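One structure is given here, and the rest of the page talks about it.
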Amino acid sequence: MSLPEYLLAAALGVSLAAAVGFRVFVPLLVVAVAAKFGWMELPAAFGWLGSATAIAMLAVAAAAEIAAYYIPGVDNLLDAIAAPLAVIAGTMLVAAPLWDLPPLIKWTTAVIAGGGAAGVTQGLTSLLRAKSTLATGGLANPVVSTGELGGSLLLSILALLMPMAALLLVALALLLVFRRIRRLARRTV
């Protein structure tokens with residue numbers, strides 16, 4: 001692969017990893033369906049992801065995850081469980097498109113960029129849900145859950161169609177969130 005192809009592959013992986021931070025199984029399902037229909041090429045080591053069995057399992061897991069996030073109390077518990085899963089899935093989704101890099105470079109990039117993007121997104125959504133729970137007694141959590149689901153699905157599809165635009169969107173969103181956090185931190189001091 002050439003440098004521009006590596007950059008597109010990295011943008012794809014990091015954007016999908018960020019989407020995993022919203023919902024763990026939705027981006028994996030989107031990738032599995034894309035691989036099954038030939039819209040995304042997976043390396044042999046990740047070929048299982050495009051199988052009918054994987055798609056069926058991911059569809060059930062995604063449906064269960066989506067439904068569980070609408071149950072009060074369970075949604076907050078799932079945030080704790082989803083954090084390590086998101087980091088693992090984010091790492092995998094960055095490693096897959098970078099399949100022909102030397103293993104040290106591929107896995108270091110995947111852990112830092114993929115695990116990091118998924119972990120940050122998951123952490124921010126967990127904070128948002130906790131704040132929503134405290135402020136509204138959990139009544140607004142279904143709205144938060146719907147937004148997370150939409151974000152995961154849209155970012156996953158955008159990553160497949162326009163990886164650089166998806167990465168730019170992720171970077172812009174993170175910049176806005178961190179600026180907001182900084183402003184809030186200054187107010188409390």
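To be explicit about the labels: the chains of the structure tokens are called A, B, and onward in the order shown, and within each one the residues are counted from 1, while ligands get numbers from 1 in the order they are shown.
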
- Any idea what's packed within 12 Å of A:Ser2, counting only C-alpha atoms, ignoring anything in its chain fewer than 3 positions away? Could you give it as number ranges by chain? A: 5-9, 98, 100-101

Excluding stretch 151-164 of chain A and any residue of its chain fewer than 2 positions from it, enumerate the residues within 6 Å of it, using only C-alpha atoms, and give them as a ChimeraX atom specification.
/A:11-12,15-16,19,22-23,27,147-149,166-167

message: Excluding A:Pro72 and its own-chain neighbours fewer than 5 positions away, which residues fall within 10 Å of it when counting only C-alpha atoms? Please give them as a PyMOL selection string.
response: chain A and resi 77+133+137-139+141-142

For all heavy atoms, I'd like the residues from the last selection saved as an mmCIF file, in the first residue's frame.
data_model
loop_
_atom_site.group_PDB
_atom_site.id
_atom_site.type_symbol
_atom_site.label_atom_id
_atom_site.label_comp_id
_atom_site.auth_asym_id
_atom_site.auth_seq_id
_atom_site.Cartn_x
_atom_site.Cartn_y
_atom_site.Cartn_z
ATOM 1 N N LEU A 77 -24.767 0.471 34.171
ATOM 2 C CA LEU A 77 -23.964 -0.738 34.368
ATOM 3 C C LEU A 77 -23.256 -1.121 33.059
ATOM 4 O O LEU A 77 -22.080 -1.488 33.061
ATOM 5 C CB LEU A 77 -24.841 -1.890 34.858
ATOM 6 C CG LEU A 77 -24.157 -3.241 35.034
ATOM 7 C CD1 LEU A 77 -23.079 -3.157 36.110
ATOM 8 C CD2 LEU A 77 -25.177 -4.308 35.383
ATOM 9 N N THR A 133 -28.180 11.047 34.321
ATOM 10 C CA THR A 133 -28.823 10.306 35.406
ATOM 11 C C THR A 133 -28.956 11.184 36.648
ATOM 12 O O THR A 133 -30.018 11.220 37.277
ATOM 13 C CB THR A 133 -28.019 9.025 35.736
ATOM 14 O OG1 THR A 133 -27.966 8.209 34.566
ATOM 15 C CG2 THR A 133 -28.651 8.244 36.876
ATOM 16 N N GLY A 137 -32.654 12.089 36.996
ATOM 17 C CA GLY A 137 -33.067 10.819 37.591
ATOM 18 C C GLY A 137 -33.142 9.696 36.571
ATOM 19 O O GLY A 137 -33.827 8.709 36.771
ATOM 20 N N GLY A 138 -32.458 9.852 35.458
ATOM 21 C CA GLY A 138 -32.447 8.836 34.408
ATOM 22 C C GLY A 138 -33.522 9.022 33.357
ATOM 23 O O GLY A 138 -33.561 8.289 32.368
ATOM 24 N N LEU A 139 -34.397 10.014 33.523
ATOM 25 C CA LEU A 139 -35.482 10.207 32.554
ATOM 26 C C LEU A 139 -34.978 10.621 31.174
ATOM 27 O O LEU A 139 -35.619 10.302 30.172
ATOM 28 C CB LEU A 139 -36.483 11.244 33.084
ATOM 29 C CG LEU A 139 -37.279 10.817 34.326
ATOM 30 C CD1 LEU A 139 -38.152 11.967 34.813
ATOM 31 C CD2 LEU A 139 -38.109 9.580 34.039
ATOM 32 N N ASN A 141 -32.073 9.655 29.929
ATOM 33 C CA ASN A 141 -31.125 8.662 29.413
ATOM 34 C C ASN A 141 -31.551 8.018 28.093
ATOM 35 O O ASN A 141 -30.698 7.730 27.253
ATOM 36 C CB ASN A 141 -30.833 7.607 30.461
ATOM 37 C CG ASN A 141 -29.965 8.141 31.582
ATOM 38 O OD1 ASN A 141 -29.735 9.344 31.688
ATOM 39 N ND2 ASN A 141 -29.502 7.262 32.439
ATOM 40 N N PRO A 142 -32.850 7.774 27.859
ATOM 41 C CA PRO A 142 -33.225 7.240 26.543
ATOM 42 C C PRO A 142 -32.877 8.191 25.394
ATOM 43 O O PRO A 142 -32.520 7.740 24.302
ATOM 44 C CB PRO A 142 -34.738 7.031 26.649
ATOM 45 C CG PRO A 142 -34.981 6.810 28.098
ATOM 46 C CD PRO A 142 -33.990 7.719 28.793
#

TODO: Going by DSSP on the backbone, which bits of chain A are alpha helix (DSSP H)? Write them as a PyMOL selection string, please.
DONE: chain A and resi 3-20+25-36+52-68+74-95+103-109+116-136+141-161+163-188

I'd like the contact shell of stretch 38-55 of chain A - 10 Å cut-off, only C-alpha atoms, skipping same-chain residues fewer than 4 positions apart - returned as a list in words. Leu28, Leu29, Val30, Val31, Ala32, Val33, Ala34, Ala59, Val60, Ala61, Met92, Leu93, Ala95, Ala96, Pro97, Leu98, Trp99, Asp100, Leu160 and Leu161 of chain A

Write the residues of the preceding selection, restricted to N, CA and C atoms, as a CSV table (one decimal), in the first residue's frame.
chain,number,residue,atom,x,y,z
A,28,LEU,N,-19.1,-2.9,14.5
A,28,LEU,CA,-18.6,-4.2,14.1
A,28,LEU,C,-19.6,-4.9,13.1
A,29,LEU,N,-20.9,-4.7,13.4
A,29,LEU,CA,-22.0,-5.2,12.5
A,29,LEU,C,-21.9,-4.5,11.1
A,30,VAL,N,-21.7,-3.2,11.1
A,30,VAL,CA,-21.6,-2.4,9.9
A,30,VAL,C,-20.4,-2.9,9.1
A,31,VAL,N,-19.3,-3.1,9.7
A,31,VAL,CA,-18.1,-3.7,9.0
A,31,VAL,C,-18.4,-5.1,8.5
A,32,ALA,N,-19.0,-5.9,9.3
A,32,ALA,CA,-19.3,-7.3,8.9
A,32,ALA,C,-20.2,-7.3,7.6
A,33,VAL,N,-21.2,-6.5,7.6
A,33,VAL,CA,-22.1,-6.4,6.5
A,33,VAL,C,-21.4,-5.9,5.3
A,34,ALA,N,-20.6,-4.8,5.5
A,34,ALA,CA,-19.8,-4.2,4.4
A,34,ALA,C,-18.8,-5.3,3.8
A,59,ALA,N,-25.5,-9.1,14.9
A,59,ALA,CA,-26.9,-8.5,14.9
A,59,ALA,C,-27.6,-8.8,16.2
A,60,VAL,N,-27.5,-10.0,16.7
A,60,VAL,CA,-28.2,-10.3,18.0
A,60,VAL,C,-27.5,-9.5,19.1
A,61,ALA,N,-26.2,-9.4,19.1
A,61,ALA,CA,-25.5,-8.7,20.2
A,61,ALA,C,-25.8,-7.2,20.1
A,92,MET,N,-9.0,-3.6,17.4
A,92,MET,CA,-9.2,-4.6,16.3
A,92,MET,C,-9.6,-3.8,15.0
A,93,LEU,N,-10.5,-2.8,15.1
A,93,LEU,CA,-10.9,-2.1,13.9
A,93,LEU,C,-9.9,-1.2,13.3
A,95,ALA,N,-6.5,-2.2,13.5
A,95,ALA,CA,-5.6,-3.2,13.0
A,95,ALA,C,-6.0,-3.8,11.7
A,96,ALA,N,-7.3,-4.0,11.5
A,96,ALA,CA,-7.8,-4.7,10.3
A,96,ALA,C,-7.4,-4.0,9.0
A,97,PRO,N,-7.7,-2.7,8.8
A,97,PRO,CA,-7.3,-2.1,7.6
A,97,PRO,C,-5.8,-1.9,7.4
A,98,LEU,N,-5.0,-2.0,8.5
A,98,LEU,CA,-3.6,-1.8,8.4
A,98,LEU,C,-2.9,-3.2,8.4
A,99,TRP,N,-3.5,-4.2,7.8
A,99,TRP,CA,-3.1,-5.6,7.9
A,99,TRP,C,-1.7,-5.8,7.3
A,100,ASP,N,-1.2,-5.0,6.4
A,100,ASP,CA,0.1,-5.4,5.8
A,100,ASP,C,1.3,-4.6,6.4
A,160,LEU,N,-16.9,4.3,6.3
A,160,LEU,CA,-16.8,3.5,5.2
A,160,LEU,C,-16.8,4.3,3.9
A,161,LEU,N,-17.7,5.3,3.8
A,161,LEU,CA,-17.9,6.1,2.6
A,161,LEU,C,-16.8,7.1,2.4

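Taking atom CA of A:Leu174 and atom CA of A:Pro103 as the two end points, the separation is 28.5 Å.
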
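Nearest to A:Pro84 of all the residues A:Val24, A:Ala110, A:Ala135, A:Ala67 is A:Val24, based on only C-alpha atoms.
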